[in-house]
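Report on one structure; see the data block that follows.
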Amino acid sequence: MAKKSLRRGIFITFEGVEGCGKSTHSWSIYRYLKKKGYPCVLTKEPGGTKIGNVIRKTLLNPKNASLNNITELFLFEANRSQLVDETIKPALKQKKIVICDRFFDATVAYQGYAGGLKKASIRMMNNLATGGIKPHLTIILDIEAKKGLRRTTRYRRKDRIERKPLSYHNRVRKGYISIAKSQPRRVKLITTREKIGKTQELIKKEVLRVVARYKAAG
């Protein structure tokens with residue numbers, strides 16, 4: 001497949017409650033775009049860098065149950081700042097497509113809507129950590145929180161966040177739906193289908209629409 005070029009870098013993020021399939025679908029769209037010849041980078045939060053992986057272990061370790069909401073917020077933002085500086089910003093400058101499994105909307109949904117922290121403060125922290133970088137497209141995969149949590153525990157033990165009560169995860173879902181309603185141009189809410197392929201086709205439609213917007217001529 002001949003390599004294809006872009007007029008600018010494109011930033012795409014995947015969001016949703018636990019078990020919504022965002023990791024699977026972000027990987028699938030990454031492979032799909034690579035096969036079509038586009039230069040792509042796949043990354044994630046928390047994690048994505050050497051420093052981020054250390055932070056990820058702290059955030060997800062069930063032994064850290066005493067981690068309070070503000071500490072949790074600062075750790076996510078520290079991870080994000082490093083990821084933007086080390087991975088996302090350089091890739092966008094090289095006119096690549098960056099696909100990220102979670103980004104700042106997750107903090108608004110989890111630490112804001114579910115955790116009760118002031119959303120204005122979270123947005124200020126997000127802006128500081130990202131340097132103002134925003135996704136061109138955000139895909140929120142919607143599924144009932146209870147159903148999603150069942151998926152996550154099918155093959156492994158729950159991490160620290162997954163162990164939070166169902167009421168917390170229901171608030172996360174409501175938060176994501178509110179985000180999608182408030183920013184319809186950037187954020188696309190896609191209800192997950194039983195068959196992965198059907199969900200992926202809906203995602204491809206949205207992704208290709210954005211890619212076409214920034215595709216180089218010729």
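Please note that chains go A, B, ... in the order of the structure tokens, that every chain numbers its residues from 1, and that ligands are numbered from 1 in the order shown.
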
Using DSSP on the backbone coordinates, identify all residues within range 66-195 of chain A classified as helix (DSSP H, G or I); present the result as a PyMOL selection string.
chain A and resi 69-93+104-114+119-130+145-152+166-182

Using only C-alpha atoms, find each residue of range 160-217 of chain A with at least one atom at most 9 Å away from an atom of range 1-20 of chain A; report its shortest atom-to-atom pair and that distance in Å (one decimal), sort the rows by chain and rising residue number, and return the result as CSV.
residue,atom,partner,partner_atom,distance
A:Ile161,CA,A:Glu18,CA,8.9
A:Glu162,CA,A:Glu18,CA,7.1
A:His169,CA,A:Val17,CA,7.0
A:Asn170,CA,A:Val17,CA,8.6
A:Val172,CA,A:Val17,CA,6.6
A:Arg173,CA,A:Val17,CA,6.0
A:Tyr176,CA,A:Gly16,CA,6.9
A:Thr192,CA,A:Cys20,CA,7.3
A:Val207,CA,A:Ile12,CA,8.0
A:Val210,CA,A:Ile10,CA,8.1
A:Val211,CA,A:Ile10,CA,7.4
A:Tyr214,CA,A:Arg7,CA,5.4
A:Lys215,CA,A:Leu6,CA,4.5
A:Ala216,CA,A:Leu6,CA,4.6
A:Ala217,CA,A:Arg7,CA,8.3

Apply DSSP to the backbone of this structure and, from range 47-148 of chain A, keep only the residues in strand (DSSP E or B); write these as a list in words.
Ile97, Val98, Ile99, Cys100, Asp101, Leu137, Thr138, Ile139, Ile140, Leu141 and Asp142 of chain A

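In this model, the gap between CA of Pro184 in chain A and CA of Pro39 in chain A comes to 26.7 Å.
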
List every residue of range 74-110 of chain A that has an atom at most 7 Å from any atom of range 122-139 of chain A, and for each one report the closest atom pair and its distance in Å to one decimal, counting only C-alpha atoms, with rows sorted by chain and then by increasing residue number, as a tab-separated table.
residue	atom	partner	partner_atom	distance
A:Glu77	CA	A:Ala129	CA	5.8
A:Arg80	CA	A:Ala129	CA	6.1
A:Ser81	CA	A:Ala129	CA	4.4
A:Val84	CA	A:Thr130	CA	6.1
A:Phe104	CA	A:Asn126	CA	6.1
A:Val108	CA	A:Ile122	CA	6.5

How about saving the chosen residues, N, CA and C atoms kept, as a PDB file, in the first residue's frame?
ATOM      1  N   GLU A  77      -3.162  13.873  35.454  1.00  0.00           N
ATOM      2  CA  GLU A  77      -2.671  15.041  34.721  1.00  0.00           C
ATOM      3  C   GLU A  77      -1.159  14.966  34.506  1.00  0.00           C
ATOM      4  N   ARG A  80      -0.647  12.688  31.675  1.00  0.00           N
ATOM      5  CA  ARG A  80      -1.064  13.344  30.429  1.00  0.00           C
ATOM      6  C   ARG A  80      -0.005  14.337  29.948  1.00  0.00           C
ATOM      7  N   SER A  81       0.540  15.112  30.848  1.00  0.00           N
ATOM      8  CA  SER A  81       1.556  16.090  30.481  1.00  0.00           C
ATOM      9  C   SER A  81       2.761  15.414  29.838  1.00  0.00           C
ATOM     10  N   VAL A  84       1.765  13.981  26.309  1.00  0.00           N
ATOM     11  CA  VAL A  84       1.663  15.033  25.293  1.00  0.00           C
ATOM     12  C   VAL A  84       3.051  15.473  24.845  1.00  0.00           C
ATOM     13  N   PHE A 104      -8.389  13.753  27.908  1.00  0.00           N
ATOM     14  CA  PHE A 104      -8.904  14.621  28.972  1.00  0.00           C
ATOM     15  C   PHE A 104     -10.392  14.467  29.268  1.00  0.00           C
ATOM     16  N   VAL A 108     -12.755  14.495  33.043  1.00  0.00           N
ATOM     17  CA  VAL A 108     -14.020  15.199  33.310  1.00  0.00           C
ATOM     18  C   VAL A 108     -15.094  14.208  33.752  1.00  0.00           C
TER      19      VAL A 108
END

Top pick for closest residue to Lys57 in chain A, considering A:Arg160, A:Lys35, A:Lys96, A:Arg151 and counting only C-alpha atoms
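Counting only C-alpha atoms, the residue closest to Lys57 in chain A is A:Arg160.
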
Mind pulling up the distance from CA of Ala120 in chain A to CA of Ile55 in chain A?
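Separation of CA of Ile55 in chain A and CA of Ala120 in chain A: 23.9 Å.
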